[in-house]
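To be precise, the following lines are query-v8.cif, and they hold mmCIF, C-alpha atoms and all ligand atoms.
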```cif
data_structure
loop_
_atom_site.label_atom_id
_atom_site.label_comp_id
_atom_site.auth_asym_id
_atom_site.auth_seq_id
_atom_site.Cartn_x
_atom_site.Cartn_y
_atom_site.Cartn_z
CA MET A 1 42.64 34.06 109.39
CA PRO A 2 45.41 34.95 106.92
CA ALA A 3 45.14 38.58 105.78
CA GLU A 4 45.16 37.48 102.11
CA VAL A 5 42.16 35.22 102.70
CA LEU A 6 40.21 37.99 104.45
CA HIS A 7 40.99 40.35 101.59
CA GLU A 8 39.85 37.92 98.85
CA ALA A 9 36.75 36.91 100.82
CA SER A 10 35.68 40.50 101.35
CA LYS A 11 36.11 41.24 97.63
CA ALA A 12 33.91 38.23 96.79
CA VAL A 13 31.19 39.46 99.15
CA LYS A 14 30.86 42.54 96.93
CA LYS A 15 31.31 40.80 93.58
CA PHE A 16 32.29 37.21 92.91
CA GLY A 17 34.45 36.71 89.80
CA SER A 18 32.62 37.51 86.60
CA THR A 19 29.18 36.56 87.95
CA GLY A 20 28.10 40.13 88.66
CA SER A 21 26.70 38.97 92.00
CA SER A 22 27.99 38.51 95.53
CA ILE A 23 29.30 35.13 96.68
CA LEU A 24 26.50 35.39 99.27
CA GLU A 25 23.98 35.25 96.40
CA LEU A 26 25.53 32.32 94.56
CA SER A 27 23.35 29.24 94.14
CA HIS A 28 24.81 26.08 95.65
CA ARG A 29 23.78 24.30 92.45
CA SER A 30 25.53 26.77 90.15
CA LYS A 31 28.50 25.79 88.00
CA GLU A 32 30.61 28.36 89.86
CA PHE A 33 29.95 26.67 93.19
CA MET A 34 30.59 23.23 91.74
CA ASP A 35 33.97 24.54 90.55
CA ILE A 36 34.68 25.76 94.11
CA VAL A 37 33.79 22.32 95.51
CA GLU A 38 35.92 20.48 92.94
CA GLU A 39 38.99 22.69 93.38
CA SER A 40 38.75 22.49 97.17
CA LYS A 41 38.46 18.68 97.07
CA THR A 42 41.48 18.44 94.79
CA LEU A 43 43.50 20.72 97.07
CA VAL A 44 42.56 18.75 100.19
CA LYS A 45 43.73 15.54 98.51
CA GLN A 46 46.97 17.13 97.28
CA LEU A 47 47.81 18.68 100.64
CA CYS A 48 47.03 15.42 102.46
CA GLY A 49 48.86 13.25 99.94
CA ILE A 50 45.80 11.01 99.53
CA GLY A 51 44.32 9.60 96.35
CA SER A 52 41.05 8.62 94.73
CA ASP A 53 40.46 5.99 97.42
CA TYR A 54 39.22 8.84 99.68
CA ASP A 55 36.03 10.92 99.50
CA VAL A 56 36.13 14.56 100.58
CA LEU A 57 33.04 16.19 102.05
CA TRP A 58 32.08 19.67 103.17
CA MET A 59 29.51 19.55 105.92
CA GLN A 60 27.73 21.70 108.48
CA GLY A 61 27.14 21.19 112.21
CA GLY A 62 30.78 21.62 113.30
CA GLY A 63 32.87 19.09 115.20
CA ARG A 64 29.95 18.01 117.33
CA LEU A 65 27.84 16.76 114.43
CA GLN A 66 30.79 14.53 113.51
CA PHE A 67 30.83 13.27 117.12
CA CYS A 68 27.22 12.11 116.46
CA MET A 69 27.55 10.91 112.89
CA ILE A 70 30.64 8.76 113.38
CA PRO A 71 28.97 6.33 115.82
CA MET A 72 25.63 6.54 113.97
CA ASN A 73 27.33 5.47 110.75
CA PHE A 74 30.10 3.18 111.94
CA LEU A 75 29.36 1.81 115.39
CA ASP A 76 28.03 -1.68 115.00
CA ALA A 77 25.10 -2.53 117.33
CA LYS A 78 26.87 -5.72 118.44
CA GLY A 79 30.36 -4.24 118.46
CA ALA A 80 32.30 -1.49 120.22
CA ALA A 81 34.41 1.52 119.33
CA GLY A 82 37.56 2.68 121.14
CA TYR A 83 38.21 6.25 122.28
CA LEU A 84 41.37 7.90 123.60
CA ASP A 85 40.31 10.43 126.22
CA THR A 86 42.92 13.16 125.90
CA GLY A 87 40.91 16.31 126.56
CA HIS A 88 37.49 17.90 126.70
CA TRP A 89 36.62 17.35 123.03
CA ALA A 90 37.89 13.78 123.01
CA ASP A 91 35.77 13.13 126.10
CA GLU A 92 32.71 14.74 124.55
CA ALA A 93 33.15 12.68 121.36
CA GLN A 94 33.18 9.51 123.49
CA GLN A 95 30.10 10.59 125.46
CA TYR A 96 28.17 11.34 122.27
CA ALA A 97 29.10 7.89 120.95
CA ALA A 98 27.99 6.23 124.18
CA ASN A 99 24.46 7.41 123.34
CA TYR A 100 24.48 5.04 120.37
CA GLY A 101 26.43 2.03 121.48
CA LYS A 102 29.47 0.70 123.25
CA ALA A 103 32.21 3.33 123.28
CA ASP A 104 35.17 2.11 125.31
CA VAL A 105 37.73 4.50 126.79
CA LEU A 106 41.05 2.75 126.06
CA ALA A 107 43.24 5.39 127.74
CA SER A 108 42.63 8.64 129.60
CA SER A 109 44.53 11.48 131.27
CA LYS A 110 41.38 13.07 132.73
CA LYS A 111 42.47 12.51 136.35
CA ALA A 112 45.56 14.66 135.75
CA ASN A 113 43.43 17.46 134.27
CA TYR A 114 44.73 16.39 130.86
CA ASN A 115 48.19 17.84 131.52
CA HIS A 116 49.81 15.01 129.52
CA LEU A 117 48.85 12.42 126.94
CA PRO A 118 48.02 8.96 128.22
CA GLU A 119 50.11 6.04 127.03
CA TRP A 120 48.94 4.74 123.64
CA PRO A 121 47.13 1.41 124.26
CA LYS A 122 49.40 -1.65 123.92
CA LYS A 123 46.90 -3.30 121.61
CA VAL A 124 43.97 -1.81 119.71
CA PRO A 125 42.06 -4.86 118.52
CA ALA A 126 40.84 -5.14 114.93
CA SER A 127 37.46 -6.20 116.34
CA LEU A 128 36.68 -2.57 117.28
CA SER A 129 34.53 -0.68 114.76
CA TYR A 130 37.10 2.14 114.92
CA LEU A 131 39.55 3.93 117.21
CA HIS A 132 38.76 7.63 117.69
CA ILE A 133 41.54 10.07 118.57
CA THR A 134 41.85 13.85 118.85
CA THR A 135 45.16 14.84 117.30
CA ASN A 136 45.38 18.18 119.14
CA ASN A 137 43.66 18.98 122.41
CA THR A 138 42.63 22.59 122.02
CA ILE A 139 41.71 23.39 125.61
CA TYR A 140 44.55 21.72 127.52
CA GLY A 141 47.33 22.08 124.95
CA THR A 142 48.54 18.56 124.21
CA GLN A 143 49.12 17.12 120.73
CA TRP A 144 50.01 13.66 119.49
CA GLN A 145 53.37 13.94 117.70
CA THR A 146 53.53 10.18 117.18
CA ILE A 147 50.51 8.08 116.37
CA GLY A 148 50.69 4.54 117.73
CA GLU A 149 49.54 1.31 116.15
CA SER A 150 45.88 0.48 115.71
CA GLY A 151 44.38 -2.77 114.46
CA ALA A 152 41.05 -0.93 114.16
CA PRO A 153 40.34 1.78 111.54
CA LEU A 154 41.74 5.07 112.80
CA VAL A 155 39.32 8.02 112.97
CA ALA A 156 40.69 11.43 113.97
CA ASP A 157 39.33 14.79 115.01
CA MET A 158 41.91 17.21 113.54
CA SER A 159 39.84 20.34 114.17
CA SER A 160 42.62 22.29 115.83
CA ASP A 161 45.75 21.15 114.00
CA ILE A 162 44.88 20.13 110.45
CA PHE A 163 47.50 21.36 107.94
CA SER A 164 49.73 22.64 110.75
CA GLY A 165 52.57 20.36 109.69
CA LYS A 166 53.56 17.20 107.85
CA ARG A 167 51.42 14.18 108.65
CA ASP A 168 50.77 10.77 107.14
CA TYR A 169 47.07 11.13 106.33
CA THR A 170 46.99 7.71 104.67
CA ARG A 171 46.99 6.15 108.14
CA TYR A 172 43.44 7.35 108.72
CA ALA A 173 40.23 5.64 107.69
CA MET A 174 38.57 8.97 108.35
CA PHE A 175 39.54 12.42 109.58
CA TYR A 176 37.57 15.58 110.08
CA ALA A 177 38.03 19.18 111.10
CA ALA A 178 35.67 21.98 112.00
CA ALA A 179 37.04 24.78 109.81
CA GLN A 180 37.25 27.60 112.33
CA LYS A 181 40.93 27.20 113.25
CA ASN A 182 43.26 26.39 110.35
CA LEU A 183 40.73 25.90 107.60
CA GLY A 184 38.52 28.95 107.25
CA ALA A 185 35.45 30.39 108.91
CA ALA A 186 33.11 28.90 111.51
CA GLY A 187 30.17 26.97 110.10
CA ASN A 188 32.05 24.75 107.67
CA THR A 189 33.46 21.30 108.41
CA LEU A 190 35.72 19.01 106.43
CA ALA A 191 35.23 15.23 106.55
CA VAL A 192 37.50 12.87 104.60
CA ILE A 193 36.61 9.18 104.46
CA ARG A 194 38.43 6.26 102.84
CA LYS A 195 36.12 4.44 100.48
CA ASP A 196 36.61 0.98 102.02
CA PHE A 197 35.66 2.43 105.43
CA LEU A 198 32.67 4.30 103.96
CA ALA A 199 31.46 0.99 102.55
CA ARG A 200 31.02 -0.21 106.14
CA ALA A 201 28.67 2.68 107.03
CA LYS A 202 25.06 1.85 107.81
CA ASN A 203 22.52 2.41 105.06
CA GLU A 204 19.39 2.79 107.21
CA LEU A 205 19.96 6.40 108.29
CA PRO A 206 18.17 9.68 107.53
CA PRO A 207 20.09 11.14 104.54
CA MET A 208 21.41 14.23 106.32
CA LEU A 209 23.03 11.97 108.93
CA SER A 210 24.40 9.48 106.43
CA TYR A 211 27.95 9.84 105.09
CA LYS A 212 27.02 7.70 102.10
CA ALA A 213 24.14 10.02 101.17
CA ASN A 214 26.34 13.11 101.59
CA VAL A 215 29.07 11.61 99.41
CA LYS A 216 26.49 10.58 96.79
CA GLU A 217 25.23 14.18 96.60
CA ASN A 218 28.78 15.61 96.50
CA SER A 219 28.38 17.89 99.57
CA ILE A 220 25.18 19.53 98.29
CA LEU A 221 22.55 17.26 99.78
CA ASN A 222 20.99 20.38 101.27
CA THR A 223 21.72 24.08 100.64
CA ALA A 224 25.46 24.22 101.13
CA ASN A 225 27.36 26.80 103.15
CA VAL A 226 28.56 28.46 99.94
CA PHE A 227 30.50 31.28 101.56
CA GLY A 228 32.07 28.97 104.16
CA VAL A 229 33.28 26.52 101.51
CA TYR A 230 34.67 29.42 99.46
CA VAL A 231 36.60 30.78 102.47
CA SER A 232 37.99 27.28 103.06
CA LEU A 233 39.05 27.12 99.40
CA LEU A 234 40.87 30.46 99.78
CA THR A 235 42.56 29.11 102.91
CA LEU A 236 43.60 25.91 101.11
CA ARG A 237 45.09 27.99 98.28
CA TRP A 238 47.01 30.01 100.89
CA ILE A 239 48.30 26.81 102.52
CA LYS A 240 49.39 25.41 99.15
CA GLU A 241 51.14 28.63 98.19
CA LYS A 242 53.02 28.75 101.48
CA GLY A 243 53.70 25.01 101.60
CA ILE A 244 53.12 22.66 104.53
CA ALA A 245 56.87 22.37 105.18
CA THR A 246 57.18 26.15 105.67
CA ILE A 247 54.05 26.25 107.79
CA GLU A 248 55.47 23.48 109.98
CA LYS A 249 58.80 25.28 110.32
CA GLU A 250 57.06 28.48 111.38
CA ASN A 251 54.73 26.69 113.80
CA LYS A 252 57.71 24.96 115.43
CA ALA A 253 59.54 28.28 115.78
CA LYS A 254 56.50 30.04 117.26
CA ALA A 255 55.87 27.26 119.80
CA LYS A 256 59.55 26.98 120.77
CA LEU A 257 59.78 30.70 121.46
CA LEU A 258 56.79 30.62 123.80
CA TYR A 259 57.61 27.35 125.58
CA ASP A 260 61.22 28.47 126.12
CA ALA A 261 59.91 31.67 127.72
CA LEU A 262 57.56 29.63 129.95
CA ASP A 263 60.25 27.12 130.93
CA SER A 264 62.58 29.89 132.08
CA SER A 265 59.90 31.98 133.78
CA LYS A 266 59.50 32.54 137.53
CA VAL A 267 55.95 33.82 137.12
CA PHE A 268 54.34 31.66 134.45
CA THR A 269 54.00 27.87 134.50
CA PRO A 270 53.22 25.73 131.43
CA HIS A 271 50.22 23.40 131.87
CA VAL A 272 52.00 20.59 129.99
CA LYS A 273 55.44 19.73 131.38
CA GLU A 274 56.27 16.77 129.13
CA LYS A 275 57.88 18.36 126.09
CA THR A 276 56.93 15.61 123.64
CA HIS A 277 53.24 16.01 124.57
CA ARG A 278 53.11 19.76 124.04
CA SER A 279 50.82 21.29 121.43
CA ARG A 280 52.28 23.60 118.82
CA MET A 281 48.84 25.09 118.32
CA ASN A 282 47.59 25.87 121.82
CA VAL A 283 50.05 26.85 124.53
CA CYS A 284 48.39 26.81 127.97
CA PHE A 285 49.90 28.33 131.08
CA THR A 286 49.07 29.69 134.51
CA THR A 287 50.33 32.18 137.07
CA ALA A 288 50.66 31.70 140.85
CA ASN A 289 47.18 32.91 141.83
CA ALA A 290 43.93 34.55 140.68
CA LYS A 291 45.18 38.03 141.59
CA GLN A 292 48.25 37.70 139.38
CA GLU A 293 46.12 36.19 136.62
CA LYS A 294 43.80 39.21 136.62
CA ALA A 295 46.79 41.57 136.69
CA PHE A 296 48.37 39.87 133.66
CA LEU A 297 45.12 39.96 131.69
CA GLU A 298 44.83 43.70 132.34
CA PHE A 299 48.51 44.14 131.47
CA CYS A 300 47.90 42.40 128.10
CA ASP A 301 44.72 44.33 127.46
CA ALA A 302 46.55 47.63 127.91
CA ARG A 303 49.09 46.44 125.33
CA ASP A 304 46.54 45.32 122.73
CA ILE A 305 47.06 41.61 123.31
CA THR A 306 43.66 39.94 123.18
CA GLY A 307 42.26 36.42 123.21
CA ILE A 308 44.85 35.20 125.71
CA LYS A 309 42.42 34.08 128.44
CA GLY A 310 42.31 30.32 128.86
CA HIS A 311 39.19 28.29 128.07
CA ARG A 312 36.57 28.50 130.82
CA LEU A 313 37.17 24.82 131.67
CA ALA A 314 40.95 25.10 132.04
CA GLY A 315 41.40 28.64 133.41
CA GLY A 316 44.76 30.43 133.20
CA PHE A 317 45.96 31.48 129.77
CA ARG A 318 46.05 30.03 126.30
CA ALA A 319 47.96 31.38 123.34
CA SER A 320 46.55 29.82 120.18
CA LEU A 321 49.26 29.78 117.53
CA TYR A 322 47.22 28.69 114.52
CA ASN A 323 48.78 28.82 111.05
CA ALA A 324 47.76 32.43 110.40
CA ILE A 325 49.48 33.76 113.55
CA GLU A 326 52.82 35.32 112.68
CA LEU A 327 56.06 34.85 114.58
CA SER A 328 56.11 38.59 115.30
CA SER A 329 52.87 38.25 117.32
CA VAL A 330 54.48 35.57 119.49
CA GLU A 331 57.60 37.71 119.89
CA ARG A 332 55.38 40.55 121.07
CA LEU A 333 53.58 38.29 123.57
CA VAL A 334 56.88 37.00 124.96
CA ALA A 335 58.18 40.57 125.31
CA VAL A 336 55.03 41.56 127.22
CA MET A 337 55.34 38.48 129.46
CA LYS A 338 58.95 39.44 130.26
CA GLU A 339 57.92 43.02 130.97
CA PHE A 340 55.21 41.78 133.35
CA GLU A 341 57.63 39.38 135.00
CA ALA A 342 60.20 42.12 135.59
CA GLN A 343 57.70 44.21 137.56
CA ALA A 344 56.08 41.20 139.31
CA VAL A 345 59.15 39.55 140.88
N1 LIG B 1 37.02 19.21 118.36
C1 LIG B 1 38.01 20.05 118.67
C2 LIG B 1 39.43 19.53 118.70
C3 LIG B 1 37.75 21.40 118.96
O1 LIG B 1 38.74 22.22 119.26
C4 LIG B 1 36.40 21.84 118.93
C5 LIG B 1 36.02 23.26 119.21
N2 LIG B 1 36.97 24.16 119.48
C6 LIG B 1 35.39 20.93 118.62
C7 LIG B 1 35.74 19.62 118.32
C8 LIG B 1 33.95 21.33 118.61
O2 LIG B 1 33.67 21.99 117.45
P1 LIG B 1 32.25 22.69 117.20
O3 LIG B 1 32.13 23.82 118.17
O4 LIG B 1 32.35 23.13 115.77
O5 LIG B 1 31.21 21.64 117.43
#
```

How would this structure read if it were set down as structure tokens?
Amino acid sequence: MPAEVLHEASKAVKKFGSTGSSILELSHRSKEFMDIVEESKTLVKQLCGIGSDYDVLWMQGGGRLQFCMIPMNFLDAKGAAGYLDTGHWADEAQQYAANYGKADVLASSKKANYNHLPEWPKKVPASLSYLHITTNNTIYGTQWQTIGESGAPLVADMSSDIFSGKRDYTRYAMFYAAAQKNLGAAGNTLAVIRKDFLARAKNELPPMLSYKANVKENSILNTANVFGVYVSLLTLRWIKEKGIATIEKENKAKAKLLYDALDSSKVFTPHVKEKTHRSRMNVCFTTANAKQEKAFLEFCDARDITGIKGHRLAGGFRASLYNAIELSSVERLVAVMKEFEAQAV
């Protein structure tokens, strides 16, 4: 989280604006909260370069509720959806969808432990209800830098790379992001849906699981996550102030520094060899064996570097370089890696 956002959020916990109460006490039906919702929606649209043909929603239930709601709303009983299986979350999204209907895997790199992106399908037919992709694969460290053609409406999970750089958001019929990486605190989720796509959503759904009902109630169908939405608004203001172009430049510099160190290392190996498939958000790497892995973790721990252990499914190490991480932190990590390497070889 950016330090400025943490500072503002903690002030609001004590006293929010001129209300005399804490943000934690604010009614989700108050004018103040409606102002928060409206400003955040406007900022999302500005930062994405999208217009009034999109609806912006704040939701709860994280990425996984979107995995459920997308097929429930958009997967036609007689039709099929397409999924690109590029990592654990992409796979889970497909499996959730398969509970509701036909969810075809059009490409997968599972057999290679997701150490690269599969080839984009030659043809994504318009007959599919949608094509679901995961723009950044958080656990294995791959990221689509180029999005291929799709005849079907494109739906994207952007949970781990939204607002990390320039992107043509108008290509998407829908995109969503659990907030806990680049967009605020855990417990809040952004969903953005183009109106013509929303029109295709089923009507016969319980309201909480219906995008149409959530849009109709302007994100306050039930008691909203007031604090979570506010923290996301603060984060959006921070992104706007900094500018996406600057954020992208910094993210590129951070990733380059770390990948260059990995590519020239005799001790560490990057999980993703293909440079054009590498994530700028999650850099995954390994050492030669479990003993060396344990030694490096202890080495980092003693030097106040935390959160470097890889996801339990992938093992090894993962440096997550989300927007709020500063270049100096990556420089420090690289220096510690070099120090470890010097005493290890
Ligand atoms: N999608 C992606 C790309 C993720 O990285 C994650 C979690 N890290 C999820 C979905 C799942 O999100 P949640 O835990 O909020 O359900």

Residues near segment 132-137 of chain A, anyone? I mean within 6 Å using all atoms listed in the file, not counting same-chain ones fewer than 4 positions away, as a list in words.
Tyr83, Leu84, Gly87, Ala90, Gly141, Thr142, Gln143, Trp144, Val155, Ala156, Asp157, Met158, Ser160 and Asp161 of chain A

Find the residues near Gly187 of chain A: any atom within 7 Å, counting all atoms listed in the file, skip ones fewer than 3 places away on the same chain, and give them as a ChimeraX atom specification.
/A:60-62,228

Save out the residues we just selected, C-alpha atoms, as a PDB file, in the coordinates of the input.
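Dumped everything to out.pdb:
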```pdb
ATOM      1  CA  GLN A  60      27.730  21.700 108.480  1.00  0.00           C
ATOM      2  CA  GLY A  61      27.140  21.190 112.210  1.00  0.00           C
ATOM      3  CA  GLY A  62      30.780  21.620 113.300  1.00  0.00           C
ATOM      4  CA  GLY A 228      32.070  28.970 104.160  1.00  0.00           C
TER       5      GLY A 228
END
```

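Shortest separation to Val226 of chain A among A:Phe33, A:Trp120, A:Phe67, A:Phe16 occurs at residue A:Phe33, atoms counted being only C-alpha atoms.
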
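Each of A:Leu183, A:Val56, A:Ile147, A:Asp76 was compared to Tyr230 of chain A using only C-alpha atoms, and A:Leu183 turns out to be the nearest.
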
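Ranking A:Ala302, A:Ile193, A:Ala342, A:Ala93 by their shortest atom-to-atom distance to Asp53 of chain A, with all atoms listed in the file included, puts A:Ile193 first.
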
Find the residues near Thr42 of chain A: any atom within 12 Å, counting only C-alpha atoms, skip ones fewer than 6 places away on the same chain, and give them as a PyMOL selection string.
chain A and resi 35-36+48-52+54-57+192+233+236-237+240

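All residues that come within 9 Å of the coordinates (48.6, 30.8, 124.3), counting all atoms listed in the file, are given as Gly141, Leu258, Met281, Asn282, Val283, Cys284, Phe285, Gly307, Ile308, Lys309, Gly310, Phe317, Arg318, Ala319, Ser320, Leu321 and Val330 of chain A.
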
Limited to C-alpha atoms, could you put the picked residues into a file as an mmCIF file, in the coordinates of the input?
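Below is the file that was written, again_0.cif:
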```cif
data_model
loop_
_atom_site.group_PDB
_atom_site.id
_atom_site.type_symbol
_atom_site.label_atom_id
_atom_site.label_comp_id
_atom_site.auth_asym_id
_atom_site.auth_seq_id
_atom_site.Cartn_x
_atom_site.Cartn_y
_atom_site.Cartn_z
ATOM 1 C CA GLY A 141 47.330 22.080 124.950
ATOM 2 C CA LEU A 258 56.790 30.620 123.800
ATOM 3 C CA MET A 281 48.840 25.090 118.320
ATOM 4 C CA ASN A 282 47.590 25.870 121.820
ATOM 5 C CA VAL A 283 50.050 26.850 124.530
ATOM 6 C CA CYS A 284 48.390 26.810 127.970
ATOM 7 C CA PHE A 285 49.900 28.330 131.080
ATOM 8 C CA GLY A 307 42.260 36.420 123.210
ATOM 9 C CA ILE A 308 44.850 35.200 125.710
ATOM 10 C CA LYS A 309 42.420 34.080 128.440
ATOM 11 C CA GLY A 310 42.310 30.320 128.860
ATOM 12 C CA PHE A 317 45.960 31.480 129.770
ATOM 13 C CA ARG A 318 46.050 30.030 126.300
ATOM 14 C CA ALA A 319 47.960 31.380 123.340
ATOM 15 C CA SER A 320 46.550 29.820 120.180
ATOM 16 C CA LEU A 321 49.260 29.780 117.530
ATOM 17 C CA VAL A 330 54.480 35.570 119.490
#
```

Between A:Leu117, A:Ala324, A:Leu154, A:Ala261, which has the minimum distance to Arg278 of chain A (counting only C-alpha atoms)?
A:Leu117

Pick from A:Lys78, A:Arg64, A:Lys291, A:Lys256: nearest to ligand LIG 1 (chain B), with only C-alpha atoms and all ligand atoms counted?
A:Arg64

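With all atoms listed in the file as the basis for measurement, A:Gln66 is the residue among A:Gln66, A:Asn323, A:Thr246, A:Asn222 that approaches Glu92 of chain A most closely.
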
Using all atoms listed in the file, find all polymer residues with an atom at most 12 Å away from the point (27.1, 33.5, 97.2); report them as a VMD selection string.
chain A and resid 9 to 17 19 to 30 32 to 33 36 223 to 231

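Here atom CA of Ser232 of chain A is placed at a distance of 27.3 Å from atom CA of Leu131 of chain A.
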
So how far away is atom CA of Ile162 of chain A from atom CA of Thr276 of chain A, in Å?
18.4 Å

Expressed in Å to a single decimal, how great is the separation between atom CA of Glu248 of chain A and atom O5 of ligand LIG 1 (chain B)?
25.4 Å

Set the distance at 10 Å and use all atoms listed in the file: which residues neighbour Tyr96 of chain A once local chain neighbours fewer than 6 positions away are removed? I'd like the list as a PyMOL selection string.
chain A and resi 64-72+103

Any chance you could export the current selection's C-alpha atoms as an mmCIF file, in the coordinates of the input?
```
data_model
loop_
_atom_site.group_PDB
_atom_site.id
_atom_site.type_symbol
_atom_site.label_atom_id
_atom_site.label_comp_id
_atom_site.auth_asym_id
_atom_site.auth_seq_id
_atom_site.Cartn_x
_atom_site.Cartn_y
_atom_site.Cartn_z
ATOM 1 C CA ARG A 64 29.950 18.010 117.330
ATOM 2 C CA LEU A 65 27.840 16.760 114.430
ATOM 3 C CA GLN A 66 30.790 14.530 113.510
ATOM 4 C CA PHE A 67 30.830 13.270 117.120
ATOM 5 C CA CYS A 68 27.220 12.110 116.460
ATOM 6 C CA MET A 69 27.550 10.910 112.890
ATOM 7 C CA ILE A 70 30.640 8.760 113.380
ATOM 8 C CA PRO A 71 28.970 6.330 115.820
ATOM 9 C CA MET A 72 25.630 6.540 113.970
ATOM 10 C CA ALA A 103 32.210 3.330 123.280
#
```

Write segment 265-278 of chain A as a PDB file, keeping the file's coordinate frame, completed to N, CA and C atoms.
```pdb
ATOM      1  N   SER A 265      60.600  30.924 133.039  1.00  0.00           N
ATOM      2  CA  SER A 265      59.900  31.980 133.780  1.00  0.00           C
ATOM      3  C   SER A 265      59.756  31.660 135.277  1.00  0.00           C
ATOM      4  N   LYS A 266      59.749  32.715 136.083  1.00  0.00           N
ATOM      5  CA  LYS A 266      59.500  32.540 137.530  1.00  0.00           C
ATOM      6  C   LYS A 266      58.045  32.867 137.851  1.00  0.00           C
ATOM      7  N   VAL A 267      57.333  33.377 136.879  1.00  0.00           N
ATOM      8  CA  VAL A 267      55.950  33.820 137.120  1.00  0.00           C
ATOM      9  C   VAL A 267      54.938  32.902 136.426  1.00  0.00           C
ATOM     10  N   PHE A 268      55.270  32.472 135.222  1.00  0.00           N
ATOM     11  CA  PHE A 268      54.340  31.660 134.450  1.00  0.00           C
ATOM     12  C   PHE A 268      54.747  30.182 134.466  1.00  0.00           C
ATOM     13  N   THR A 269      53.731  29.314 134.504  1.00  0.00           N
ATOM     14  CA  THR A 269      54.000  27.870 134.500  1.00  0.00           C
ATOM     15  C   THR A 269      53.256  27.212 133.344  1.00  0.00           C
ATOM     16  N   PRO A 270      53.943  26.418 132.517  1.00  0.00           N
ATOM     17  CA  PRO A 270      53.220  25.730 131.430  1.00  0.00           C
ATOM     18  C   PRO A 270      52.322  24.621 131.991  1.00  0.00           C
ATOM     19  N   HIS A 271      51.138  24.458 131.401  1.00  0.00           N
ATOM     20  CA  HIS A 271      50.220  23.400 131.870  1.00  0.00           C
ATOM     21  C   HIS A 271      50.800  22.023 131.563  1.00  0.00           C
ATOM     22  N   VAL A 272      51.466  21.899 130.411  1.00  0.00           N
ATOM     23  CA  VAL A 272      52.000  20.590 129.990  1.00  0.00           C
ATOM     24  C   VAL A 272      53.519  20.594 130.179  1.00  0.00           C
ATOM     25  N   LYS A 273      53.987  19.739 131.092  1.00  0.00           N
ATOM     26  CA  LYS A 273      55.440  19.730 131.380  1.00  0.00           C
ATOM     27  C   LYS A 273      56.206  18.848 130.382  1.00  0.00           C
ATOM     28  N   GLU A 274      55.596  17.734 130.008  1.00  0.00           N
ATOM     29  CA  GLU A 274      56.270  16.770 129.130  1.00  0.00           C
ATOM     30  C   GLU A 274      56.401  17.364 127.719  1.00  0.00           C
ATOM     31  N   LYS A 275      57.665  17.614 127.334  1.00  0.00           N
ATOM     32  CA  LYS A 275      57.880  18.360 126.090  1.00  0.00           C
ATOM     33  C   LYS A 275      57.314  17.667 124.858  1.00  0.00           C
ATOM     34  N   THR A 276      57.390  16.328 124.840  1.00  0.00           N
ATOM     35  CA  THR A 276      56.930  15.610 123.640  1.00  0.00           C
ATOM     36  C   THR A 276      55.393  15.562 123.550  1.00  0.00           C
ATOM     37  N   HIS A 277      54.718  16.017 124.603  1.00  0.00           N
ATOM     38  CA  HIS A 277      53.240  16.010 124.570  1.00  0.00           C
ATOM     39  C   HIS A 277      52.675  17.400 124.251  1.00  0.00           C
ATOM     40  N   ARG A 278      53.573  18.377 124.160  1.00  0.00           N
ATOM     41  CA  ARG A 278      53.110  19.760 124.040  1.00  0.00           C
ATOM     42  C   ARG A 278      52.537  20.091 122.657  1.00  0.00           C
TER      43      ARG A 278
END
```
